[in-house]
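> Attaching a single structure in structure tokens format; questions to follow.
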Amino acid sequence: MQTVVFDFDGVIHNYKNGWKGPDIIDDEPVMGIREALADIKQAGYKIVVVSVRCAYHGGKEAILKWMNKYDLYVDDVVAEKPPAICYIDDRAICFDGHPETLLEKVKDFVP
């Protein structure tokens, strides 16, 4: 089974209120994410959520509780990115084969 990895804050959790600690998750889900997760799972992919929150005491438990509250179902929640066919992240620059453009993309980046 192939794995799709989702970042938590900004991709699943709306994250409009910003970081308040690893166990404080006070925004709602991104609109449509429940359906997207369900569709990807139904298509036969394993779904893993990755979050730096998991590196802190109580972080993983807070994510699991929050996801359960909103009926969001995934296969695992971890602190570090596992091998996957793709990573869905709001703070990423997709590499297009042109390293000469990376500095400009970094300078202009907006999550």
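By order in the structure tokens, chains are A, B, ...; within a chain, residues start at 1; ligands start at 1, following the order shown.
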Among the residues of chain A, find those DSSP assigns to strand (DSSP E) from the backbone and print them as JSON, numbers by chain.
{"A": [3, 4, 5, 6, 7, 46, 47, 48, 49, 50, 76, 77, 78, 86, 87, 88]}
> From the DSSP assignment of the backbone, select every residue of range 6-99 of chain A that is helix (DSSP H, G or I), and format the answer as a ChimeraX atom specification.
/A:33-42,52-55,59-69,99
> Need to verify the contact set: Val11 in chain A, 7 Å, only C-alpha atoms, exclusion of same-chain residues closer than 4 positions in sequence. Can you return it as an MDAnalysis selection string?
chainID A and resid 7 30 89:90
> Output N, CA, C and O atoms for every residue in that selection, as a short mmCIF file (atom, residue, chain, number, x, y, z; two decimals), in the first residue's frame.

```
data_model
loop_
_atom_site.label_atom_id
_atom_site.label_comp_id
_atom_site.auth_asym_id
_atom_site.auth_seq_id
_atom_site.Cartn_x
_atom_site.Cartn_y
_atom_site.Cartn_z
N ASP A 7 0.86 17.17 6.12
CA ASP A 7 1.23 18.03 7.23
C ASP A 7 -0.06 18.32 7.99
O ASP A 7 -1.15 18.32 7.41
N VAL A 30 -9.58 22.44 7.81
CA VAL A 30 -9.64 23.10 6.51
C VAL A 30 -10.89 22.58 5.80
O VAL A 30 -11.18 21.38 5.82
N ASP A 89 1.87 19.60 1.92
CA ASP A 89 2.37 20.53 2.93
C ASP A 89 2.16 21.96 2.45
O ASP A 89 2.43 22.26 1.29
N ASP A 90 1.72 22.83 3.33
CA ASP A 90 1.50 24.23 2.97
C ASP A 90 2.78 25.04 2.98
O ASP A 90 2.80 26.20 2.59
#
```
> Neighbours of range 55-61 of chain A within 8 Å (only C-alpha atoms; same-chain residues fewer than 3 positions away dropped), as a PyMOL selection string?
chain A and resi 22-23+51-52+64-65+77-79
> Skipping near chain neighbours, those fewer than 3 positions away, what residues fall within 12 Å of range 33-45 of chain A using only C-alpha atoms, listed as a PDB file with N, CA and C atoms, in the first residue's frame?

```
ATOM      1  N   MET A   1       0.843  -1.178   0.000  1.00  0.00           N
ATOM      2  CA  MET A   1       0.000   0.000   0.000  1.00  0.00           C
ATOM      3  C   MET A   1       0.893   1.249   0.000  1.00  0.00           C
ATOM      4  N   GLN A   2       0.641   2.163  -0.896  1.00  0.00           N
ATOM      5  CA  GLN A   2       1.424   3.390  -0.976  1.00  0.00           C
ATOM      6  C   GLN A   2       0.940   4.413   0.053  1.00  0.00           C
ATOM      7  N   THR A   3       1.871   5.224   0.526  1.00  0.00           N
ATOM      8  CA  THR A   3       1.579   6.183   1.585  1.00  0.00           C
ATOM      9  C   THR A   3       1.534   7.605   1.050  1.00  0.00           C
ATOM     10  N   VAL A   4       0.542   8.361   1.519  1.00  0.00           N
ATOM     11  CA  VAL A   4       0.446   9.800   1.275  1.00  0.00           C
ATOM     12  C   VAL A   4       0.580  10.469   2.633  1.00  0.00           C
ATOM     13  N   VAL A   5       1.500  11.432   2.745  1.00  0.00           N
ATOM     14  CA  VAL A   5       1.760  12.113   4.008  1.00  0.00           C
ATOM     15  C   VAL A   5       1.187  13.521   3.967  1.00  0.00           C
ATOM     16  N   PHE A   6       0.425  13.858   4.994  1.00  0.00           N
ATOM     17  CA  PHE A   6      -0.160  15.185   5.149  1.00  0.00           C
ATOM     18  C   PHE A   6       0.495  15.907   6.314  1.00  0.00           C
ATOM     19  N   ASP A   7       0.862  17.168   6.117  1.00  0.00           N
ATOM     20  CA  ASP A   7       1.226  18.025   7.229  1.00  0.00           C
ATOM     21  C   ASP A   7      -0.062  18.318   7.994  1.00  0.00           C
ATOM     22  N   PHE A   8       0.033  18.572   9.291  1.00  0.00           N
ATOM     23  CA  PHE A   8      -1.163  18.826  10.094  1.00  0.00           C
ATOM     24  C   PHE A   8      -1.575  20.299  10.070  1.00  0.00           C
ATOM     25  N   GLY A  10      -2.141  23.868   8.984  1.00  0.00           N
ATOM     26  CA  GLY A  10      -2.205  24.565   7.718  1.00  0.00           C
ATOM     27  C   GLY A  10      -2.704  23.722   6.566  1.00  0.00           C
ATOM     28  N   VAL A  11      -2.788  22.400   6.769  1.00  0.00           N
ATOM     29  CA  VAL A  11      -3.281  21.509   5.719  1.00  0.00           C
ATOM     30  C   VAL A  11      -4.540  20.781   6.182  1.00  0.00           C
ATOM     31  N   ILE A  12      -4.517  20.235   7.373  1.00  0.00           N
ATOM     32  CA  ILE A  12      -5.689  19.580   7.954  1.00  0.00           C
ATOM     33  C   ILE A  12      -6.342  20.516   8.967  1.00  0.00           C
ATOM     34  N   HIS A  13      -5.534  21.027   9.876  1.00  0.00           N
ATOM     35  CA  HIS A  13      -5.980  22.007  10.888  1.00  0.00           C
ATOM     36  C   HIS A  13      -5.788  23.399  10.294  1.00  0.00           C
ATOM     37  N   ASN A  14      -6.833  24.204  10.303  1.00  0.00           N
ATOM     38  CA  ASN A  14      -6.812  25.511   9.656  1.00  0.00           C
ATOM     39  C   ASN A  14      -5.658  26.396  10.105  1.00  0.00           C
ATOM     40  N   GLU A  28     -10.712  25.085  13.443  1.00  0.00           N
ATOM     41  CA  GLU A  28     -11.458  23.999  12.807  1.00  0.00           C
ATOM     42  C   GLU A  28     -10.640  23.403  11.658  1.00  0.00           C
ATOM     43  N   PRO A  29     -11.108  22.298  11.103  1.00  0.00           N
ATOM     44  CA  PRO A  29     -10.429  21.704   9.947  1.00  0.00           C
ATOM     45  C   PRO A  29     -10.523  22.609   8.714  1.00  0.00           C
ATOM     46  N   VAL A  30      -9.580  22.436   7.808  1.00  0.00           N
ATOM     47  CA  VAL A  30      -9.644  23.095   6.508  1.00  0.00           C
ATOM     48  C   VAL A  30     -10.893  22.582   5.801  1.00  0.00           C
ATOM     49  N   VAL A  48      -0.791   9.146   6.409  1.00  0.00           N
ATOM     50  CA  VAL A  48      -0.033   9.449   7.613  1.00  0.00           C
ATOM     51  C   VAL A  48       0.008  10.964   7.778  1.00  0.00           C
ATOM     52  N   VAL A  49      -0.259  11.421   8.981  1.00  0.00           N
ATOM     53  CA  VAL A  49      -0.165  12.844   9.311  1.00  0.00           C
ATOM     54  C   VAL A  49       1.148  13.063  10.042  1.00  0.00           C
ATOM     55  N   MET A  67      -8.694  15.262  15.908  1.00  0.00           N
ATOM     56  CA  MET A  67      -9.145  14.584  14.685  1.00  0.00           C
ATOM     57  C   MET A  67     -10.389  13.749  14.959  1.00  0.00           C
ATOM     58  N   ASN A  68     -10.429  13.096  16.095  1.00  0.00           N
ATOM     59  CA  ASN A  68     -11.608  12.319  16.461  1.00  0.00           C
ATOM     60  C   ASN A  68     -12.833  13.224  16.610  1.00  0.00           C
ATOM     61  N   LYS A  69     -12.640  14.384  17.216  1.00  0.00           N
ATOM     62  CA  LYS A  69     -13.726  15.357  17.395  1.00  0.00           C
ATOM     63  C   LYS A  69     -14.364  15.724  16.057  1.00  0.00           C
ATOM     64  N   TYR A  70     -13.569  15.819  15.012  1.00  0.00           N
ATOM     65  CA  TYR A  70     -14.058  16.227  13.698  1.00  0.00           C
ATOM     66  C   TYR A  70     -14.250  15.062  12.735  1.00  0.00           C
ATOM     67  N   ASP A  71     -14.215  13.834  13.250  1.00  0.00           N
ATOM     68  CA  ASP A  71     -14.409  12.641  12.423  1.00  0.00           C
ATOM     69  C   ASP A  71     -13.442  12.580  11.245  1.00  0.00           C
ATOM     70  N   LEU A  72     -12.173  12.832  11.520  1.00  0.00           N
ATOM     71  CA  LEU A  72     -11.118  12.742  10.518  1.00  0.00           C
ATOM     72  C   LEU A  72     -10.313  11.487  10.804  1.00  0.00           C
ATOM     73  N   TYR A  73     -10.217  10.609   9.819  1.00  0.00           N
ATOM     74  CA  TYR A  73      -9.593   9.315  10.048  1.00  0.00           C
ATOM     75  C   TYR A  73      -8.373   9.120   9.158  1.00  0.00           C
ATOM     76  N   VAL A  74      -7.247   8.752   9.802  1.00  0.00           N
ATOM     77  CA  VAL A  74      -5.998   8.483   9.106  1.00  0.00           C
ATOM     78  C   VAL A  74      -5.383   7.230   9.707  1.00  0.00           C
ATOM     79  N   ASP A  75      -4.315   6.749   9.090  1.00  0.00           N
ATOM     80  CA  ASP A  75      -3.684   5.522   9.556  1.00  0.00           C
ATOM     81  C   ASP A  75      -2.670   5.739  10.675  1.00  0.00           C
ATOM     82  N   ALA A  84       7.160   8.090   1.416  1.00  0.00           N
ATOM     83  CA  ALA A  84       5.824   8.225   0.837  1.00  0.00           C
ATOM     84  C   ALA A  84       5.914   8.527  -0.649  1.00  0.00           C
ATOM     85  N   ILE A  85       4.786   8.371  -1.347  1.00  0.00           N
ATOM     86  CA  ILE A  85       4.766   8.730  -2.770  1.00  0.00           C
ATOM     87  C   ILE A  85       4.620  10.233  -2.944  1.00  0.00           C
ATOM     88  N   CYS A  86       4.053  10.923  -1.932  1.00  0.00           N
ATOM     89  CA  CYS A  86       3.969  12.381  -1.987  1.00  0.00           C
ATOM     90  C   CYS A  86       3.708  12.941  -0.600  1.00  0.00           C
ATOM     91  N   ILE A  88       1.949  16.336   1.291  1.00  0.00           N
ATOM     92  CA  ILE A  88       1.043  17.470   1.123  1.00  0.00           C
ATOM     93  C   ILE A  88       1.314  18.435   2.270  1.00  0.00           C
TER      94      ILE A  88
END
```
> One number please: CA of Asp27 in chain A to CA of Tyr87 in chain A, in Å, one decimal.
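So the answer is 22.2 Å.
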> Kindly indicate which residue among A:Val50, A:Met31, A:Ile63, A:Ala92 lies nearest to Pro111 in chain A, using only C-alpha atoms for the distances.
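Residue with the minimum atom-to-atom distance to Pro111 in chain A: A:Ala92.
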> When you draw a straight line from CA of Asp76 in chain A to CA of Ile47 in chain A, how long is it in Å?
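Rounded to one decimal, the two atoms are 6.9 Å apart.
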> Could you state the separation of CA of Phe95 in chain A and CA of Asp108 in chain A in Å, given to one decimal place?
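It comes out at 14.6 Å.
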> From the options A:Asp9, A:Pro83, A:Lys107, A:Leu102, which residue's atoms come nearest to Lys46 in chain A, counting only C-alpha atoms?
A:Pro83
